[in-house]
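Source file: my_file10.csv; contents: CSV, C-alpha atoms.
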chain,number,residue,atom,x,y,z
A,1141,MET,CA,49.5,90.7,-46.9
A,1142,MET,CA,47.6,92.4,-44.1
A,1143,ARG,CA,46.6,90.3,-41.1
A,1144,LYS,CA,42.9,90.2,-40.4
A,1145,LYS,CA,42.0,92.2,-37.3
A,1146,LYS,CA,41.0,90.0,-34.4
A,1147,ILE,CA,37.5,90.6,-33.2
A,1148,THR,CA,37.5,91.3,-29.4
A,1149,ILE,CA,34.8,91.4,-26.8
A,1150,LYS,CA,34.8,95.2,-27.0
A,1151,ASP,CA,33.9,95.0,-30.7
A,1152,VAL,CA,30.9,92.8,-29.8
A,1153,ALA,CA,29.8,95.1,-27.1
A,1154,LYS,CA,30.0,98.2,-29.4
A,1155,HIS,CA,28.2,96.3,-32.2
A,1156,ALA,CA,25.4,95.2,-29.8
A,1157,GLY,CA,25.1,98.5,-28.1
A,1158,VAL,CA,25.8,97.1,-24.6
A,1159,GLY,CA,28.6,97.0,-22.1
A,1160,VAL,CA,31.5,94.6,-22.1
A,1161,GLY,CA,30.3,93.1,-18.8
A,1162,THR,CA,26.9,92.4,-20.4
A,1163,VAL,CA,28.6,90.5,-23.2
A,1164,SER,CA,30.6,88.5,-20.8
A,1165,ARG,CA,27.6,87.6,-18.7
A,1166,ALA,CA,25.7,86.5,-21.8
A,1167,ILE,CA,28.5,84.3,-23.0
A,1168,ASN,CA,28.8,82.7,-19.5
A,1169,LYS,CA,25.1,82.2,-19.1
A,1170,ALA,CA,25.0,84.4,-16.0
A,1171,PRO,CA,21.6,85.4,-14.6
A,1172,GLY,CA,20.1,88.9,-14.8
A,1173,ILE,CA,20.1,89.4,-18.6
A,1174,SER,CA,17.0,89.8,-20.6
A,1175,GLN,CA,16.3,87.5,-23.5
A,1176,GLU,CA,16.2,90.4,-25.9
A,1177,THR,CA,19.7,91.5,-24.7
A,1178,LYS,CA,21.0,88.0,-25.1
A,1179,ARG,CA,19.6,87.8,-28.6
A,1180,LYS,CA,21.4,91.1,-29.6
A,1181,VAL,CA,24.7,89.9,-28.1
A,1182,PHE,CA,24.7,86.5,-29.8
A,1183,GLN,CA,23.6,88.1,-33.1
A,1184,SER,CA,26.6,90.4,-32.9
A,1185,ILE,CA,28.8,87.5,-32.1
A,1186,ARG,CA,27.6,85.6,-35.2
A,1187,GLU,CA,27.8,88.6,-37.5
A,1188,LEU,CA,31.3,89.6,-36.4
A,1189,GLY,CA,32.7,86.1,-36.1
A,1190,TYR,CA,33.8,86.5,-32.5
A,1191,THR,CA,35.4,83.5,-30.8
A,1192,PRO,CA,35.6,83.7,-26.9
A,1193,ASP,CA,39.1,83.1,-25.5
A,1194,ARG,CA,38.3,80.3,-23.2
A,1195,ILE,CA,41.8,80.1,-21.7
A,1196,ALA,CA,41.8,83.8,-20.8
A,1197,GLN,CA,38.3,83.4,-19.4
A,1198,SER,CA,39.4,80.5,-17.2
A,1199,MET,CA,42.4,82.4,-15.8
A,1200,ARG,CA,40.2,85.3,-14.9
A,1201,SER,CA,37.3,83.4,-13.4
A,1202,GLN,CA,39.1,80.2,-12.2
A,1203,LYS,CA,36.4,78.3,-14.1
A,1204,TYR,CA,37.6,76.0,-16.9
A,1205,LYS,CA,34.2,75.0,-18.3
A,1206,ASN,CA,35.4,71.4,-18.3
A,1207,ILE,CA,33.8,68.4,-16.6
A,1208,ALA,CA,35.4,64.9,-16.1
A,1209,PHE,CA,33.3,61.8,-16.4
A,1210,PHE,CA,34.9,58.6,-14.9
A,1211,VAL,CA,33.1,55.4,-16.0
A,1212,ASP,CA,33.6,51.8,-17.2
A,1213,LEU,CA,32.8,52.1,-20.9
A,1214,SER,CA,32.6,48.3,-21.4
A,1215,ASN,CA,29.0,48.8,-20.4
A,1216,ILE,CA,27.5,50.0,-23.7
A,1217,ALA,CA,24.6,51.7,-21.9
A,1218,PHE,CA,27.1,54.3,-20.6
A,1219,ALA,CA,27.6,55.5,-24.2
A,1220,GLN,CA,24.1,56.8,-24.3
A,1221,ILE,CA,24.4,58.3,-20.8
A,1222,ALA,CA,27.6,60.0,-21.9
A,1223,LYS,CA,25.8,61.5,-24.8
A,1224,GLY,CA,23.1,62.9,-22.5
A,1225,ILE,CA,25.9,64.4,-20.3
A,1226,HIS,CA,27.6,65.8,-23.4
A,1227,ASP,CA,24.4,67.4,-24.8
A,1228,GLU,CA,23.4,68.9,-21.4
A,1229,LEU,CA,26.9,70.3,-20.7
A,1230,GLY,CA,27.0,71.8,-24.1
A,1231,ASP,CA,23.7,73.6,-23.5
A,1232,LEU,CA,25.1,74.9,-20.2
A,1233,GLY,CA,28.4,76.1,-21.7
A,1234,TYR,CA,30.7,73.3,-20.5
A,1235,ILE,CA,32.6,70.6,-22.3
A,1236,LEU,CA,32.9,66.9,-21.4
A,1237,SER,CA,36.2,65.0,-20.8
A,1238,LEU,CA,35.6,61.2,-20.8
A,1239,CYS,CA,37.8,58.7,-19.0
A,1240,ASP,CA,37.3,54.9,-19.3
A,1241,VAL,CA,38.4,53.5,-15.8
A,1242,GLY,CA,37.4,49.9,-16.5
A,1243,THR,CA,36.9,47.8,-13.3
A,1244,THR,CA,40.5,47.5,-11.9
A,1245,GLY,CA,43.1,50.0,-10.8
A,1246,VAL,CA,40.4,52.7,-10.9
A,1247,SER,CA,42.0,55.2,-8.5
A,1248,GLU,CA,45.3,55.1,-10.4
A,1249,LYS,CA,43.5,55.8,-13.7
A,1250,VAL,CA,41.5,58.6,-12.2
A,1251,GLY,CA,44.6,60.2,-10.6
A,1252,SER,CA,46.6,59.9,-13.8
A,1253,PHE,CA,43.8,61.5,-15.8
A,1254,LEU,CA,43.5,64.4,-13.4
A,1255,GLU,CA,47.2,65.1,-13.3
A,1256,GLY,CA,48.0,68.3,-15.1
A,1257,ARG,CA,44.4,69.0,-16.1
A,1258,LYS,CA,41.9,71.5,-14.7
A,1259,PHE,CA,38.3,70.6,-14.2
A,1260,ASP,CA,35.3,72.4,-12.6
A,1261,GLY,CA,33.6,69.2,-11.5
A,1262,VAL,CA,33.5,65.4,-11.7
A,1263,ILE,CA,30.8,62.8,-12.5
A,1264,LEU,CA,31.7,59.5,-11.1
A,1265,ALA,CA,30.2,56.0,-11.9
A,1266,ALA,CA,32.5,53.9,-9.8
A,1267,PRO,CA,32.5,50.2,-10.5
A,1268,ASP,CA,33.0,49.5,-6.7
A,1269,GLU,CA,31.5,51.8,-4.0
A,1270,ASP,CA,33.9,50.3,-1.4
A,1271,ASP,CA,37.1,51.5,-3.2
A,1272,LYS,CA,38.7,53.4,-0.3
A,1273,GLU,CA,41.6,54.8,-2.4
A,1274,LEU,CA,39.2,56.2,-4.9
A,1275,GLN,CA,37.0,57.7,-2.2
A,1276,GLU,CA,40.0,59.4,-0.6
A,1277,LEU,CA,41.2,60.8,-3.9
A,1278,VAL,CA,37.9,62.3,-5.1
A,1279,THR,CA,36.9,63.8,-1.7
A,1280,THR,CA,40.2,65.8,-1.6
A,1281,LEU,CA,39.9,67.3,-5.1
A,1282,GLY,CA,38.5,70.6,-3.9
A,1283,ILE,CA,35.9,70.6,-6.7
A,1284,PRO,CA,32.3,69.4,-6.8
A,1285,VAL,CA,31.9,65.6,-7.4
A,1286,VAL,CA,28.6,63.8,-7.9
A,1287,THR,CA,27.9,60.1,-8.4
A,1288,LEU,CA,25.8,58.4,-11.0
A,1289,ASP,CA,23.6,55.8,-9.2
A,1290,ARG,CA,26.2,55.2,-6.5
A,1291,ASP,CA,26.2,55.4,-2.6
A,1292,ILE,CA,29.7,56.7,-1.7
A,1293,PRO,CA,30.3,58.4,1.7
A,1294,GLY,CA,31.1,62.0,1.4
A,1295,ILE,CA,30.0,62.4,-2.2
A,1296,PRO,CA,26.5,63.5,-3.1
A,1297,ALA,CA,24.5,61.5,-5.6
A,1298,GLY,CA,23.4,63.4,-8.7
A,1299,ILE,CA,20.8,60.8,-9.7
A,1300,MET,CA,19.2,57.7,-8.2
A,1301,THR,CA,17.5,55.4,-10.7
A,1302,ASP,CA,14.4,53.5,-9.5
A,1303,TYR,CA,15.3,50.0,-10.3
A,1304,TYR,CA,13.3,48.7,-7.3
A,1305,SER,CA,9.8,49.3,-8.8
A,1306,SER,CA,10.5,47.7,-12.2
A,1307,VAL,CA,12.4,44.7,-10.8
A,1308,LYS,CA,9.4,44.1,-8.5
A,1309,LYS,CA,7.0,44.4,-11.5
A,1310,ALA,CA,9.1,42.0,-13.6
A,1311,THR,CA,9.2,39.4,-10.7
A,1312,HIS,CA,5.5,39.7,-10.0
A,1313,TYR,CA,4.9,39.3,-13.8
A,1314,LEU,CA,6.8,36.0,-14.0
A,1315,LEU,CA,5.3,34.6,-10.8
A,1316,SER,CA,1.8,35.5,-12.1
A,1317,MET,CA,2.6,33.4,-15.2
A,1318,GLY,CA,3.3,30.4,-13.0
A,1319,HIS,CA,7.1,30.7,-12.9
A,1320,ARG,CA,8.4,29.8,-9.5
A,1321,GLY,CA,12.1,29.0,-10.3
A,1322,ILE,CA,13.2,32.4,-11.6
A,1323,ALA,CA,17.0,32.9,-11.9
A,1324,LEU,CA,18.3,36.4,-11.1
A,1325,ILE,CA,21.5,37.2,-12.9
A,1326,LYS,CA,23.1,40.5,-11.9
A,1327,ALA,CA,26.5,42.1,-12.3
A,1328,GLY,CA,28.3,44.3,-9.8
A,1329,ARG,CA,28.5,43.4,-6.1
A,1330,ASN,CA,29.2,46.7,-4.4
A,1331,ILE,CA,27.0,49.1,-6.2
A,1332,ARG,CA,23.5,50.5,-5.5
A,1333,PRO,CA,21.7,49.1,-8.6
A,1334,ALA,CA,22.7,45.6,-7.8
A,1335,ARG,CA,21.7,45.9,-4.1
A,1336,THR,CA,18.3,47.5,-4.8
A,1337,SER,CA,17.5,45.0,-7.6
A,1338,LEU,CA,18.2,42.1,-5.3
A,1339,GLU,CA,16.1,43.6,-2.5
A,1340,ALA,CA,13.2,44.0,-4.9
A,1341,PHE,CA,13.4,40.5,-6.2
A,1342,LEU,CA,13.6,38.9,-2.8
A,1343,SER,CA,10.8,41.1,-1.4
A,1344,VAL,CA,8.3,39.7,-4.0
A,1345,TYR,CA,9.1,36.1,-3.0
A,1346,GLU,CA,8.8,37.1,0.6
A,1347,GLU,CA,5.4,38.8,0.0
A,1348,ARG,CA,4.1,35.6,-1.7
A,1349,GLY,CA,5.6,33.2,0.8
A,1350,ILE,CA,7.7,31.4,-1.8
A,1351,PRO,CA,11.2,30.2,-0.8
A,1352,VAL,CA,14.2,31.3,-3.0
A,1353,SER,CA,17.2,29.0,-3.7
A,1354,GLU,CA,20.6,30.7,-3.6
A,1355,ALA,CA,21.5,28.5,-6.6
A,1356,VAL,CA,19.3,30.6,-8.9
A,1357,ILE,CA,20.9,34.0,-7.9
A,1358,LYS,CA,24.1,34.6,-9.9
A,1359,GLU,CA,26.4,37.5,-9.3
A,1360,GLY,CA,29.5,38.5,-11.2
A,1361,GLU,CA,31.2,40.9,-13.5
A,1362,PHE,CA,29.8,43.2,-16.2
A,1363,THR,CA,31.0,40.9,-19.0
A,1364,ASN,CA,29.8,38.6,-21.7
A,1365,GLU,CA,32.0,35.9,-20.1
A,1366,PHE,CA,30.1,36.1,-16.8
A,1367,GLY,CA,26.8,35.7,-18.6
A,1368,ARG,CA,28.2,32.6,-20.3
A,1369,ARG,CA,29.3,31.1,-17.0
A,1370,ALA,CA,26.1,31.8,-15.2
A,1371,MET,CA,24.0,30.3,-18.1
A,1372,LEU,CA,26.1,27.2,-18.2
A,1373,GLU,CA,25.6,26.7,-14.5
A,1374,LEU,CA,21.8,27.1,-15.0
A,1375,LEU,CA,21.5,24.7,-17.9
A,1376,PRO,CA,21.0,21.6,-15.8
A,1377,LEU,CA,18.3,23.4,-13.8
A,1378,ILE,CA,16.5,24.6,-16.9
A,1379,ARG,CA,16.6,21.1,-18.4
A,1380,GLU,CA,15.1,19.5,-15.3
A,1381,GLY,CA,12.5,22.2,-15.1
A,1382,SER,CA,13.4,23.8,-11.8
A,1383,VAL,CA,14.4,27.0,-13.5
A,1384,THR,CA,11.8,28.2,-16.0
A,1385,ALA,CA,12.6,32.0,-16.3
A,1386,ILE,CA,15.6,34.3,-16.2
A,1387,LEU,CA,15.7,37.9,-15.1
A,1388,CYS,CA,19.0,39.4,-16.3
A,1389,LEU,CA,20.0,42.9,-15.1
A,1390,ASN,CA,22.8,43.8,-17.5
A,1391,ASN,CA,22.9,43.9,-21.3
A,1392,GLN,CA,26.5,42.7,-21.6
A,1393,VAL,CA,25.7,39.7,-19.4
A,1394,PHE,CA,22.6,39.1,-21.5
A,1395,HIS,CA,24.7,38.6,-24.7
A,1396,GLY,CA,26.6,35.8,-23.0
A,1397,ILE,CA,23.3,34.2,-22.0
A,1398,LEU,CA,22.0,34.3,-25.6
A,1399,ALA,CA,25.3,32.8,-26.9
A,1400,VAL,CA,25.0,29.8,-24.5
A,1401,MET,CA,21.3,29.3,-25.4
A,1402,ARG,CA,22.1,29.2,-29.1
A,1403,GLU,CA,25.1,26.8,-28.6
A,1404,ASN,CA,22.9,24.4,-26.6
A,1405,GLY,CA,19.7,24.6,-28.8
A,1406,LEU,CA,17.6,26.4,-26.2
A,1407,GLU,CA,15.0,28.9,-27.4
A,1408,TYR,CA,13.0,31.5,-25.5
A,1409,PRO,CA,10.2,31.4,-24.5
A,1410,ARG,CA,9.8,27.7,-25.4
A,1411,ASP,CA,12.5,26.5,-23.0
A,1412,VAL,CA,12.9,29.4,-20.7
A,1413,SER,CA,11.2,32.8,-20.3
A,1414,LEU,CA,13.5,35.8,-20.5
A,1415,ILE,CA,13.6,39.4,-19.3
A,1416,THR,CA,16.6,41.7,-19.5
A,1417,MET,CA,17.8,45.3,-18.7
A,1418,GLU,CA,17.9,48.1,-21.3
A,1419,ASP,CA,15.9,48.6,-24.5
A,1420,TYR,CA,18.0,48.8,-27.6
A,1421,GLU,CA,18.2,47.5,-31.2
A,1422,LEU,CA,19.0,43.9,-30.2
A,1423,THR,CA,16.1,43.5,-27.7
A,1424,GLN,CA,13.7,45.0,-30.2
A,1425,LEU,CA,14.8,43.1,-33.3
A,1426,LEU,CA,15.3,39.7,-31.8
A,1427,ASN,CA,12.4,37.3,-32.7
A,1428,PRO,CA,10.5,37.2,-30.4
A,1429,ALA,CA,11.2,40.7,-29.1
A,1430,VAL,CA,12.5,40.7,-25.6
A,1431,THR,CA,10.6,42.0,-22.5
A,1432,VAL,CA,12.8,44.6,-20.8
A,1433,ILE,CA,13.4,47.0,-17.9
A,1434,ARG,CA,14.0,50.3,-19.7
A,1435,ARG,CA,16.1,53.1,-18.3
A,1436,PRO,CA,15.9,56.6,-19.9
A,1437,LEU,CA,19.7,56.8,-20.5
A,1438,LEU,CA,19.8,60.2,-22.2
A,1439,GLU,CA,17.7,61.6,-19.4
A,1440,MET,CA,20.1,60.1,-16.8
A,1441,GLY,CA,23.0,61.9,-18.4
A,1442,ARG,CA,21.2,65.2,-18.7
A,1443,SER,CA,20.0,65.1,-15.1
A,1444,VAL,CA,23.3,64.3,-13.4
A,1445,SER,CA,25.0,67.1,-15.5
A,1446,HIS,CA,22.3,69.6,-14.4
A,1447,VAL,CA,22.9,68.8,-10.7
A,1448,LEU,CA,26.7,69.0,-11.0
A,1449,VAL,CA,26.6,72.4,-12.8
A,1450,LYS,CA,24.2,73.7,-10.1
A,1451,TYR,CA,26.8,72.8,-7.5
A,1452,ILE,CA,29.6,74.4,-9.5
A,1453,GLU,CA,27.8,77.6,-10.0
A,1454,GLN,CA,26.2,77.7,-6.5
A,1455,PRO,CA,28.9,76.1,-4.3
A,1456,GLU,CA,27.0,76.9,-1.1
A,1457,LEU,CA,24.4,74.2,-2.2
A,1458,TYR,CA,27.0,71.4,-2.5
A,1459,GLY,CA,25.7,68.2,-0.9
A,1460,LYS,CA,22.4,69.8,0.1
A,1461,LEU,CA,20.2,68.9,-2.9
A,1462,PRO,CA,18.4,65.6,-3.1
A,1463,PRO,CA,19.4,63.4,-6.0
A,1464,VAL,CA,17.1,63.4,-9.1
A,1465,VAL,CA,15.0,60.2,-9.0
A,1466,ILE,CA,15.0,58.6,-12.5
A,1467,PRO,CA,12.0,56.3,-13.2
A,1468,THR,CA,12.3,53.0,-15.1
A,1469,GLU,CA,9.7,51.2,-17.2
A,1470,PHE,CA,8.8,47.6,-17.4
A,1471,VAL,CA,8.1,46.9,-21.1
A,1472,ILE,CA,6.3,43.6,-21.8
A,1473,ARG,CA,6.9,41.9,-25.2
A,1474,ASP,CA,6.9,38.3,-26.3
A,1475,SER,CA,9.9,36.6,-24.6
A,1476,CYS,CA,7.9,35.1,-21.7
A,1477,ARG,CA,5.2,32.4,-21.6
A,1478,GLU,CA,3.1,30.8,-18.9
A,1479,ASN,CA,4.5,27.9,-17.0
A,1480,THR,CA,1.5,25.7,-17.0
A,1481,ALA,CA,3.1,23.1,-14.7
A,1482,ARG,CA,3.2,25.7,-11.9
A,1483,ARG,CA,0.2,27.9,-12.9
A,1484,GLY,CA,-1.7,29.3,-9.9
A,1485,TYR,CA,1.2,30.1,-7.6

Starting from the coordinates I provided, produce the structure as structure tokens.
Amino acid sequence: MMRKKKITIKDVAKHAGVGVGTVSRAINKAPGISQETKRKVFQSIRELGYTPDRIAQSMRSQKYKNIAFFVDLSNIAFAQIAKGIHDELGDLGYILSLCDVGTTGVSEKVGSFLEGRKFDGVILAAPDEDDKELQELVTTLGIPVVTLDRDIPGIPAGIMTDYYSSVKKATHYLLSMGHRGIALIKAGRNIRPARTSLEAFLSVYEERGIPVSEAVIKEGEFTNEFGRRAMLELLPLIREGSVTAILCLNNQVFHGILAVMRENGLEYPRDVSLITMEDYELTQLLNPAVTVIRRPLLEMGRSVSHVLVKYIEQPELYGKLPPVVIPTEFVIRDSCRENTARRGY
């Protein structure tokens, strides 16, 4: 049985009527090639059944076309962000390697994942910006690293999401409906989204000259269990009427809040008005549908990927580009009602 002849890049070049270098530049999405030439090259690739030898390409170019994304996957929103990263990297000729780092022992997990593997760049969504071991590790990798919504010294941010505007809108909205005791439940202490959201929340109270009790600000982990604990602590305040609304800034935490409400016979908006973060099947299908702060998760993934690849392909730009600012949207539904006892504040 005769072995089928392997199609080479030279065969593609001859079939397309171009040089071998032109085929290589087309495959690697290099600039300076006309759309018509690209069309001819990829038509020849399809007709001949040519498969590029990625290993050989990497050895020659020192590019591996591989990006690592380090993230805590217990946050289900990151699944959509990862899809956006995967789709954008695919369009740019790269592949995604995903590593779930959780919330503890992050530097050890990152180091173990990197050992023996070759990457062109890293996207990092660290659960704690003050993790010094992790900072030291990623800043000495010798490849571009960008963060996703994090402020880490020495590492440029790929994107920054505008939580501030929507949290302000949500807080103004609740106050305008007569709610004065608004509980803020947020996860993550040492990360930018938690800091900016708290700043926005407090700024609205300050603008209106209304005092805020520390008892209504709950801070903890990105877990259902934290949501349960926070809600159990708020139950007495809800029943006595000093807390009439909840602004929750994490979808996992939100699930714990809902569970405690159901177990204790509370309903929204009858007993407490409710706003949460993310817009997905649950918030849309609950009855009543839930008012949310919506993030464009796919866009976040695509944008951070685009910035990283630009740094990889133009290393002289590393750290010089401003992060892409991602807008958020405050979506009003039916989970809040006026607090008539406090109307007019």

Self-check item: Distance query 12 Å from (17.1, 91.2, -23.4) using only C-alpha atoms, result as a VMD selection string
Solution: chain A and resid 1156 to 1158 1162 to 1163 1166 1171 to 1182

Quiz item: For the atom pair atom CA of Leu1277 of chain A and atom CA of Ile1466 of chain A, what is the interatomic distance in Å to one decimal place?
Solution: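 These atoms are spaced 27.7 Å apart.
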
Quiz item: Quick one: residues within 7 Å of segment 1431-1445 of chain A, all atoms listed in the file counted, chain neighbours fewer than 2 positions away excluded, as JSON, numbers by chain?
Solution: {"A": [1220, 1221, 1222, 1223, 1224, 1225, 1228, 1229, 1288, 1298, 1299, 1306, 1415, 1416, 1417, 1418, 1419, 1429, 1447, 1448, 1449, 1464, 1466, 1468, 1469, 1470, 1471, 1472, 1473, 1474, 1475]}

Practice problem: Skip segment 1255-1260 of chain A itself and residues of its chain fewer than 5 positions away, then list as a list in words all residues within 9 Å of it, counting all atoms listed in the file. | Solution: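 Result of the neighbour search: Gln1202, Lys1203, Tyr1204, Lys1205, Asn1206, Ile1207, Ala1208, Ser1237, Val1250, Ile1283, Pro1284, Val1449 and Ile1452 of chain A.
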
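Put simply, atom CA of Asp1411 of chain A is 18.8 Å away from atom CA of Ala1355 of chain A.
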
Quiz item: Could you state the separation of atom CA of Thr1384 of chain A and atom CA of Gly1321 of chain A in Å, given to one decimal place?
Solution: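 If I compute the distance from atom CA of Thr1384 of chain A to atom CA of Gly1321 of chain A, I get 5.8 Å.
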
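All residues of protein, DNA or RNA that reach within 10 Å of Arg1410 of chain A, judged by only C-alpha atoms and not counting those fewer than 2 positions away in the chain, are Thr1384, Leu1406, Glu1407, Tyr1408, Val1412, Ser1413, Ser1475, Cys1476, Arg1477, Glu1478 and Asn1479 of chain A.
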
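Restricting the calculation to all atoms listed in the file, the smallest distance between Val1393 of chain A and any of A:Gly1282, A:Gly1230, A:Gly1318, A:Gly1367 is found for A:Gly1367.
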
Quiz item: In terms of the shortest atom-to-atom distance over all atoms listed in the file, which of A:Ile1350, A:Leu1426, A:Val1278, A:Leu1377 is closest to Leu1315 of chain A?
Solution: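 Among the listed residues, A:Ile1350 lies closest to Leu1315 of chain A.
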
Quiz item: For Leu1274 of chain A, which of A:Ala1310, A:Phe1210, A:Gly1328, A:Glu1187 is the closest residue, counting all atoms listed in the file?
Solution: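 Smallest distance to Leu1274 of chain A is found for A:Phe1210.
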
Excluding segment 1303-1305 of chain A and any residue of its chain fewer than 3 positions from it, enumerate the residues within 8 Å of it, using all atoms listed in the file, and give them as a PDB file with C-alpha atoms, in the coordinates of the input.
ATOM      1  CA  LYS A1308       9.400  44.100  -8.500  1.00  0.00           C
ATOM      2  CA  LYS A1309       7.000  44.400 -11.500  1.00  0.00           C
ATOM      3  CA  PRO A1333      21.700  49.100  -8.600  1.00  0.00           C
ATOM      4  CA  THR A1336      18.300  47.500  -4.800  1.00  0.00           C
ATOM      5  CA  SER A1337      17.500  45.000  -7.600  1.00  0.00           C
ATOM      6  CA  GLU A1339      16.100  43.600  -2.500  1.00  0.00           C
ATOM      7  CA  ALA A1340      13.200  44.000  -4.900  1.00  0.00           C
ATOM      8  CA  PRO A1467      12.000  56.300 -13.200  1.00  0.00           C
ATOM      9  CA  THR A1468      12.300  53.000 -15.100  1.00  0.00           C
TER      10      THR A1468
END

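Each of A:Asp1212, A:His1395, A:Thr1148, A:Ile1235 was compared to Lys1249 of chain A using all atoms listed in the file, and A:Asp1212 turns out to be the nearest.
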
Practice problem: Write out as a ChimeraX atom specification which residues come within 9 Å of segment 1239-1243 of chain A when counting all atoms listed in the file, dropping same-chain ones fewer than 2 positions away. | Solution: /A:1208-1214,1237,1245-1250,1253,1266-1268,1361-1362
